[in-house]
Amino acid sequence: MFFFEAEESEAIVRYVKEKCPAEVAEIIRKGDETAENTFIFDCRWDLESTFFPVKFPDKIDWLYQPADDPEWTYAFNRMRYWICLGQAYAITGDEKYPEAFARQLEDWVKRVRLGDKECAPAWRTIEAGFRLEYWTKAWQYMLPSDAVTTEVRQIFLQSVREHGDFIVRSYNDFNRISNWGVLANHGLFMAGILLEDKAFISTALNRLEAEARTQVFPDGMQWEQSPMYHNEVLHDFLDVLILAERNSLSEKDYPQLAYIKETTCRMCYACSVFQKPDHHQIMMGDSDDLDVSWNLARGAYYFRDNKLKARSIPQFDFDTIWDTGYKAALEYETMGLSSQKTVSHLAGKKPECAWGGQLDDSQPEVADTASLSGDRQPEAVATASLDGGNLSTTLQTSGNVFFRSSWKDDASFVHFHCGTMGAGHGHSDQLHVDFSANGEDILVDSGRFTYVTKKERFDYKNPPAHNTITVDDVNYCHWTDSWAADVLCKPVNFKTFSADEYCYCEGGHTGYLIKNDKTGCPGGVLVNRRLLFIKPDILFFVDEFIASDNSGEPHSYKQFFHFSDTGSVVQGGVGSSSSVVDGPFSNSGSLATQAGELTSGGAYQPADKYPHFLFRGEKTSVGVYTCPNLEGADFSAEILDTEVSRHYNSSRPNKSLCVTVKASGFRCIPTVFFTGKKEKEVSPEHCSIEALPVRVVIKDCDLSPELVEAWNIKKGSRFYTVVAAHQEFAAPTEMFSADGCTGYASFMVFDRVSGKYTLLS
């Protein structure tokens with residue numbers, strides 16, 4: 001049995017017609033195009049989407065490649081569009097859809113031959129795996145049609161077996177570490193279920209278990225650090241588990257299923273935290289801007305996990321019901337409505353989905369090595385109001401931290417990355433930050449755009465395309481082609497902490513520490529980013545550049561902030577009394593200031609020396625203020641015309657802010673983002689940052705900004721003093737003092753209204 005019983009088909013059709021009319025119309029459109037030999041890859045989860053149709057008026061050229069991108073040929077031969085044909089047939093009963101399926105199947109099998117060198121682009125193992133999924137899913141829709149003759153059945157089943165045999169003999173270590181292995185052996189498992197071939201099933205499960213152990217970190221993140229490929233692997237594992245259950249494959253007979261379950265549960269929770277409040281994944285690495293709630297819904301259903309449901313959707317959408325069935329949709333809708341314990345639908349012990357890789361507001365840090373193979377069953381939430389759970393989550397092994405103000409759609413959301421870069425699908429995005437609020441993106445990753453080895457590929461992969469920091473305009477990684485790099489860097493100092501309304505994290509890397517001729521890096525600078533999120537509307541960057549050289553030669557220290565294409569960015573005037581002016585703040589009009597007056601403590605007082613910037617979005621406004629120490633330094637800030645690629649083969653213009661400080665030796669660049677629904681809430685009349693002199697209390701002398709810095713941050717009636725110690729200073733016994741606030745920790749926040757203080761590092 002596949003994903004649903006034959007008698008469920010009519011109920012599924014009624015469900016989608018009632019609840020998903022737009023998707024029904026879209027599927028019929030796609031079915032019509034495919035039946036007419038017209039192809040465009042614009043399904044929700046087409047990995048490499050296209051936006052212009054290709055029509056073959058006569059014979060289909062299965063190896064056709066438009067322009068310079070072979071991804072079109074790969075996607076063409078994965079045949080996701082056959083699922084559209086099958087669903088269009090199930091919805092309408094029109095025989096033209098299975099007739100087109102039969103015609104195209106016979107033609108492809110006859111002309112695209114395994115072993116023919118010219119056909120090699122269609123016979124990579126990843127394409128073979130995709131086909132086995134898409135073919136077998138389409139097959140269950142087509143079976144009632146008279147167009148599926150005995151001859152068509154024979155051609156189809158023989159080709160499925162040929163695909164399976166090919167995958168069996170094509171395995172290697174690359175497949176064990178790459179998503180390719182999961183995609184291929186997921187297809188092999190589906191072929192085994194369809195053909196009732198125990199050898200295919202056992203081989204696939206053996207490999208999938210090895211891939212789960214190799215590819216997925218203990219914190220649940222797939223190691224390639226791309227949410228898009230994480231979700232593709234998660235989708236495949238869920239397919240395997242659902243099919244195993246539907247076909248009564250027990251852990252006693254197939255013990256590999258136990259670890260696959262544990263891994264899949266961890267991956268579901270990782271997915272649930274890297275989705276933004278709008279349910280779209282972050283565009284980390286090679287990822288598009290896609291809704292992932294459908295994948296979480298399947299995970300919530302399979303594990304009967306109400307917390308996952310709370311982070312997903314209240315009822316199945318179009319894609320999910322086809323991959324689970326009508327009975328599953330009814331059961332899913334009732335989840336969370338009972339106060340009774342959920343009865344396990346799994347054979348044997350069910351993995352406990354109270355995930356051990358989280359950092360909660362009220363909890364100490366938790367190691368990410370906790371086992372998910374406990375004996376306890378998860379309990380259902382006792383009311384219809386489901387709770388999404390922890391608001392702060394650290395994925396320690398992969399080096400990702402996520403903060404949010406709530407689990408509501410308009411929550412503020414922050415993601416910070418300081419970890420492994422994830423091989424070919426990773427980007428040079430160390431210390432990158434994603435930020436959204438009030439239901440809208442603010443800071444975004446620039447995306448991926450293309451896989452072709454050309455300038456655009458590197459433009460999107462290199463550090464300036466991310467919300468990170470650079471030194472001397474150097475790309476700290478050296479990419480040799482679209483996938484490979486011969487110079488990488490080591491992440492260091494990754495730590496997080498949450499308490500009350502504050503969330504804190506920091507991390508650095510060695511990319512600018514060691515001289516490297518390939519990157520052009522002169523070496524000698526350690527970079528470190530410290531991030532403070534004051535819920536729900538203040539995000540404070542403290543970027544440290546720690547230079548070890550004594551040459552006195554200045555470095556160029558830069559911050560990059562890429563804003564969402566849903567809004568515009570303008571420069572404000574200098575000083576709190578200036579109003580925001582329209583128009584771009586271009587390179588030629590960049591503001592450069594001289595060093596200002598210094599207090600006795602050596603801290604720079606901003607006075608009227610700094611611009612502020614305003615992001616005007618559709619749902620939110622953001623004021624951006626910076627306040628570096630400019631003693632012996634030059635400062636500039638400019639708005640750049642850049643692009644963001646939310647989908648493969650597509651880009652849109654957006655604005656980015658580049659802040660530059662040119663100085664020798666140590667330097668810190670503090671920048672604060674204030675968010676609000678109205679522009680006046682983030683204006684200089686309501687928001688400010690001011691640098692403070694810092695002294696030591698017992699010795700009663702000034703502290704250099706190279707040792708400790710402090711700032712007053714105000715928004716409306718709220719007032720905070722933030723102190724960052726860049727180096728250890730309290731020897732043998734000492735405390736700092738800044739504007740009457742005293743302490744000793746590496747990073748502290750003082751709430752000047754309540755009088756409370758919090759140690760964050």
# chains A, B, ... in the order shown; residues from 1 in each chain; ligands from 1
$ select_by_dssp --residues "stretch 21-268 of chain A" --states "strand (DSSP E)" --output "PDB file with N, CA, C and O atoms, in the first residue's frame"
ATOM      1  N   THR A  38       4.602  20.899 -22.696  1.00  0.00           N
ATOM      2  CA  THR A  38       5.116  22.196 -22.260  1.00  0.00           C
ATOM      3  C   THR A  38       5.580  22.054 -20.814  1.00  0.00           C
ATOM      4  O   THR A  38       4.822  21.578 -19.962  1.00  0.00           O
ATOM      5  N   PHE A  39       6.802  22.500 -20.529  1.00  0.00           N
ATOM      6  CA  PHE A  39       7.394  22.209 -19.228  1.00  0.00           C
ATOM      7  C   PHE A  39       7.945  23.478 -18.576  1.00  0.00           C
ATOM      8  O   PHE A  39       8.667  24.256 -19.204  1.00  0.00           O
ATOM      9  N   VAL A  54       9.080  25.824 -21.614  1.00  0.00           N
ATOM     10  CA  VAL A  54       9.714  25.284 -22.813  1.00  0.00           C
ATOM     11  C   VAL A  54       8.732  24.301 -23.435  1.00  0.00           C
ATOM     12  O   VAL A  54       8.290  23.364 -22.777  1.00  0.00           O
ATOM     13  N   LYS A  55       8.398  24.534 -24.700  1.00  0.00           N
ATOM     14  CA  LYS A  55       7.402  23.691 -25.383  1.00  0.00           C
ATOM     15  C   LYS A  55       8.074  22.915 -26.504  1.00  0.00           C
ATOM     16  O   LYS A  55       8.847  23.475 -27.286  1.00  0.00           O
TER      17      LYS A  55
END
$ closest_atom_pairs --of "stretch 638-701 of chain A" --to "stretch 733-749 of chain A" --cutoff "6 Å" --atoms "only C-alpha atoms" --output "tab-separated table"
residue	atom	partner	partner_atom	distance
A:Val694	CA	A:Ala738	CA	4.8
A:Arg695	CA	A:Ser737	CA	5.2
A:Val696	CA	A:Phe736	CA	4.4
A:Val697	CA	A:Met735	CA	5.6
A:Ile698	CA	A:Glu734	CA	6.0
$ residues_around --residues "A:Ile534" --least-positions-apart "2" --cutoff "8 Å" --atoms "only C-alpha atoms" --output "list in words"
Glu501, Tyr502, Cys503, Leu532, Pro536, Asp537, Ile538 and Leu539 of chain A
$ write_last_selection --atoms "N, CA, C and O atoms" --output "PDB file, in the first residue's frame"
ATOM      1  N   GLU A 501      13.918  39.062  29.380  1.00  0.00           N
ATOM      2  CA  GLU A 501      13.619  39.652  28.073  1.00  0.00           C
ATOM      3  C   GLU A 501      14.842  39.689  27.165  1.00  0.00           C
ATOM      4  O   GLU A 501      14.757  40.151  26.026  1.00  0.00           O
ATOM      5  N   TYR A 502      16.009  39.195  27.634  1.00  0.00           N
ATOM      6  CA  TYR A 502      17.246  39.306  26.883  1.00  0.00           C
ATOM      7  C   TYR A 502      17.661  37.970  26.285  1.00  0.00           C
ATOM      8  O   TYR A 502      17.570  36.927  26.926  1.00  0.00           O
ATOM      9  N   CYS A 503      18.167  38.030  25.066  1.00  0.00           N
ATOM     10  CA  CYS A 503      18.807  36.894  24.423  1.00  0.00           C
ATOM     11  C   CYS A 503      20.168  37.361  23.920  1.00  0.00           C
ATOM     12  O   CYS A 503      20.278  38.435  23.315  1.00  0.00           O
ATOM     13  N   LEU A 532      22.892  41.145  20.931  1.00  0.00           N
ATOM     14  CA  LEU A 532      21.926  41.257  22.029  1.00  0.00           C
ATOM     15  C   LEU A 532      20.552  41.531  21.446  1.00  0.00           C
ATOM     16  O   LEU A 532      20.355  42.491  20.712  1.00  0.00           O
ATOM     17  N   PRO A 536      10.726  42.886  22.431  1.00  0.00           N
ATOM     18  CA  PRO A 536      10.635  42.219  21.135  1.00  0.00           C
ATOM     19  C   PRO A 536      11.195  43.044  19.984  1.00  0.00           C
ATOM     20  O   PRO A 536      11.051  42.644  18.834  1.00  0.00           O
ATOM     21  N   ASP A 537      11.873  44.163  20.252  1.00  0.00           N
ATOM     22  CA  ASP A 537      12.044  45.144  19.183  1.00  0.00           C
ATOM     23  C   ASP A 537      13.397  45.828  19.111  1.00  0.00           C
ATOM     24  O   ASP A 537      13.541  46.824  18.393  1.00  0.00           O
ATOM     25  N   ILE A 538      14.413  45.340  19.824  1.00  0.00           N
ATOM     26  CA  ILE A 538      15.739  45.954  19.763  1.00  0.00           C
ATOM     27  C   ILE A 538      16.772  44.866  19.489  1.00  0.00           C
ATOM     28  O   ILE A 538      16.832  43.858  20.203  1.00  0.00           O
ATOM     29  N   LEU A 539      17.588  45.059  18.474  1.00  0.00           N
ATOM     30  CA  LEU A 539      18.665  44.136  18.144  1.00  0.00           C
ATOM     31  C   LEU A 539      19.964  44.933  18.089  1.00  0.00           C
ATOM     32  O   LEU A 539      20.096  45.868  17.297  1.00  0.00           O
TER      33      LEU A 539
END
$ residues_around --residues "stretch 325-329 of chain A" --least-positions-apart "3" --cutoff "6 Å" --atoms "only C-alpha atoms" --output "number ranges by chain"
A: 4, 12, 316, 321-322, 332
$ write_last_selection --atoms "all heavy atoms" --output "mmCIF file, in the first residue's frame"
data_model
loop_
_atom_site.group_PDB
_atom_site.id
_atom_site.type_symbol
_atom_site.label_atom_id
_atom_site.label_comp_id
_atom_site.auth_asym_id
_atom_site.auth_seq_id
_atom_site.Cartn_x
_atom_site.Cartn_y
_atom_site.Cartn_z
ATOM 1 N N PHE A 4 -1.973 6.336 0.521
ATOM 2 C CA PHE A 4 -3.369 6.287 0.943
ATOM 3 C C PHE A 4 -4.049 5.118 0.247
ATOM 4 O O PHE A 4 -3.579 4.630 -0.789
ATOM 5 C CB PHE A 4 -4.097 7.601 0.642
ATOM 6 C CG PHE A 4 -4.018 8.045 -0.803
ATOM 7 C CD1 PHE A 4 -4.900 7.552 -1.763
ATOM 8 C CD2 PHE A 4 -3.066 8.971 -1.203
ATOM 9 C CE1 PHE A 4 -4.841 7.970 -3.082
ATOM 10 C CE2 PHE A 4 -2.999 9.402 -2.521
ATOM 11 C CZ PHE A 4 -3.876 8.895 -3.467
ATOM 12 N N ILE A 12 -10.123 12.647 -0.823
ATOM 13 C CA ILE A 12 -9.024 13.605 -0.980
ATOM 14 C C ILE A 12 -9.402 14.677 -1.990
ATOM 15 O O ILE A 12 -9.150 15.867 -1.777
ATOM 16 C CB ILE A 12 -7.733 12.874 -1.409
ATOM 17 C CG1 ILE A 12 -7.222 11.985 -0.275
ATOM 18 C CG2 ILE A 12 -6.655 13.873 -1.823
ATOM 19 C CD1 ILE A 12 -6.050 11.103 -0.670
ATOM 20 N N PHE A 316 -4.113 19.939 7.103
ATOM 21 C CA PHE A 316 -3.263 19.616 5.964
ATOM 22 C C PHE A 316 -3.535 20.545 4.790
ATOM 23 O O PHE A 316 -4.681 20.919 4.517
ATOM 24 C CB PHE A 316 -3.496 18.170 5.515
ATOM 25 C CG PHE A 316 -2.849 17.135 6.395
ATOM 26 C CD1 PHE A 316 -3.131 15.786 6.219
ATOM 27 C CD2 PHE A 316 -1.956 17.483 7.396
ATOM 28 C CE1 PHE A 316 -2.529 14.819 7.010
ATOM 29 C CE2 PHE A 316 -1.361 16.530 8.200
ATOM 30 C CZ PHE A 316 -1.648 15.184 8.005
ATOM 31 N N ILE A 321 -1.906 16.318 2.123
ATOM 32 C CA ILE A 321 -2.953 15.293 2.139
ATOM 33 C C ILE A 321 -2.696 14.225 1.079
ATOM 34 O O ILE A 321 -2.989 13.041 1.291
ATOM 35 C CB ILE A 321 -4.362 15.913 1.979
ATOM 36 C CG1 ILE A 321 -5.419 14.847 2.320
ATOM 37 C CG2 ILE A 321 -4.558 16.506 0.592
ATOM 38 C CD1 ILE A 321 -6.821 15.392 2.422
ATOM 39 N N TRP A 322 -2.103 14.606 -0.057
ATOM 40 C CA TRP A 322 -1.780 13.594 -1.059
ATOM 41 C C TRP A 322 -0.690 12.653 -0.559
ATOM 42 O O TRP A 322 -0.621 11.486 -0.970
ATOM 43 C CB TRP A 322 -1.316 14.255 -2.356
ATOM 44 C CG TRP A 322 -2.388 14.982 -3.106
ATOM 45 C CD1 TRP A 322 -2.559 16.332 -3.186
ATOM 46 C CD2 TRP A 322 -3.451 14.407 -3.892
ATOM 47 N NE1 TRP A 322 -3.657 16.639 -3.966
ATOM 48 C CE2 TRP A 322 -4.219 15.476 -4.416
ATOM 49 C CE3 TRP A 322 -3.826 13.099 -4.195
ATOM 50 C CZ2 TRP A 322 -5.328 15.276 -5.235
ATOM 51 C CZ3 TRP A 322 -4.931 12.898 -5.017
ATOM 52 C CH2 TRP A 322 -5.671 13.975 -5.520
ATOM 53 N N TYR A 332 -5.172 14.378 12.063
ATOM 54 C CA TYR A 332 -4.317 15.539 12.335
ATOM 55 C C TYR A 332 -5.133 16.712 12.875
ATOM 56 O O TYR A 332 -4.709 17.412 13.791
ATOM 57 C CB TYR A 332 -3.587 15.940 11.056
ATOM 58 C CG TYR A 332 -2.657 17.125 11.205
ATOM 59 C CD1 TYR A 332 -1.378 16.971 11.728
ATOM 60 C CD2 TYR A 332 -3.052 18.401 10.809
ATOM 61 C CE1 TYR A 332 -0.516 18.047 11.857
ATOM 62 C CE2 TYR A 332 -2.200 19.486 10.939
ATOM 63 C CZ TYR A 332 -0.928 19.303 11.461
ATOM 64 O OH TYR A 332 -0.086 20.384 11.586
#
$ residues_around --residues "stretch 281-283 of chain A" --least-positions-apart "3" --cutoff "8 Å" --atoms "only C-alpha atoms" --output "VMD selection string"
chain A and resid 226 to 228 271 274 to 276 286 to 292 434 444 to 447 646
$ residues_around --residues "A:Gln104" --least-positions-apart "5" --cutoff "9 Å" --atoms "only C-alpha atoms" --output "list of chain:residue names"
A:Ala35, A:Asn37, A:Ile60, A:Glu99, A:Val109
$ write_last_selection --atoms "N, CA, C and O atoms" --output "PDB file, in the first residue's frame"
ATOM      1  N   ALA A  35       0.603  17.766 -20.516  1.00  0.00           N
ATOM      2  CA  ALA A  35      -0.058  16.958 -21.551  1.00  0.00           C
ATOM      3  C   ALA A  35       0.223  17.496 -22.946  1.00  0.00           C
ATOM      4  O   ALA A  35       0.168  16.750 -23.932  1.00  0.00           O
ATOM      5  N   ASN A  37       3.127  18.814 -23.821  1.00  0.00           N
ATOM      6  CA  ASN A  37       4.587  18.834 -23.958  1.00  0.00           C
ATOM      7  C   ASN A  37       5.188  20.204 -23.663  1.00  0.00           C
ATOM      8  O   ASN A  37       6.175  20.630 -24.281  1.00  0.00           O
ATOM      9  N   ILE A  60       9.776  15.193 -28.009  1.00  0.00           N
ATOM     10  CA  ILE A  60      10.435  15.766 -26.836  1.00  0.00           C
ATOM     11  C   ILE A  60      11.925  15.452 -26.879  1.00  0.00           C
ATOM     12  O   ILE A  60      12.318  14.304 -27.110  1.00  0.00           O
ATOM     13  N   GLU A  99      -3.148   9.466 -20.520  1.00  0.00           N
ATOM     14  CA  GLU A  99      -2.699   9.197 -21.889  1.00  0.00           C
ATOM     15  C   GLU A  99      -1.357   9.882 -22.156  1.00  0.00           C
ATOM     16  O   GLU A  99      -0.457   9.301 -22.772  1.00  0.00           O
ATOM     17  N   VAL A 109      11.556   5.933 -21.827  1.00  0.00           N
ATOM     18  CA  VAL A 109      12.212   4.650 -21.585  1.00  0.00           C
ATOM     19  C   VAL A 109      12.906   4.149 -22.850  1.00  0.00           C
ATOM     20  O   VAL A 109      14.003   3.562 -22.786  1.00  0.00           O
TER      21      VAL A 109
END
$ closest_residue --among "A:Thr214, A:Ser436, A:Asn462, A:Thr566" --to "A:Asn175" --atoms "only C-alpha atoms"
A:Thr214
$ atom_distance --atom1 "atom CA of A:Ala204" --atom2 "atom CA of A:Met79"
21.6 Å
$ closest_residue --among "A:Asn649, A:Thr264, A:Gln315, A:Gln215" --to "A:Gly299" --atoms "only C-alpha atoms"
A:Thr264
$ closest_residue --among "A:Asp165, A:Glu5, A:Glu681, A:Glu26" --to "A:Arg246" --atoms "only C-alpha atoms"
A:Glu5
$ closest_residue --among "A:Gln559, A:Ser9, A:Ser621, A:Ser248" --to "A:Ser636" --atoms "only C-alpha atoms"
A:Gln559
$ atom_distance --atom1 "atom CA of A:Thr758" --atom2 "atom CA of A:Phe403"
17.4 Å
$ closest_residue --among "A:Leu431, A:Leu488, A:Met284, A:Leu208" --to "A:Leu241" --atoms "only C-alpha atoms"
A:Leu208
$ residues_around --residues "A:Phe458" --least-positions-apart "3" --cutoff "9 Å" --atoms "only C-alpha atoms" --output "VMD selection string"
chain A and resid 453 to 455 461 to 462 479 481 to 482
$ select_by_dssp --residues "stretch 57-269 of chain A" --states "alpha helix (DSSP H)" --output "ChimeraX atom specification"
/A:71-76,81-92,96-111,125-142,150-169,173-177,179-195,198-215,227-246,256-269
$ closest_residue --among "A:Ala310, A:Ala90, A:Ala484, A:Leu630" --to "A:Lys408" --atoms "only C-alpha atoms"
A:Ala310
$ atom_distance --atom1 "atom CA of A:Leu132" --atom2 "atom CA of A:Asn77"
11.3 Å
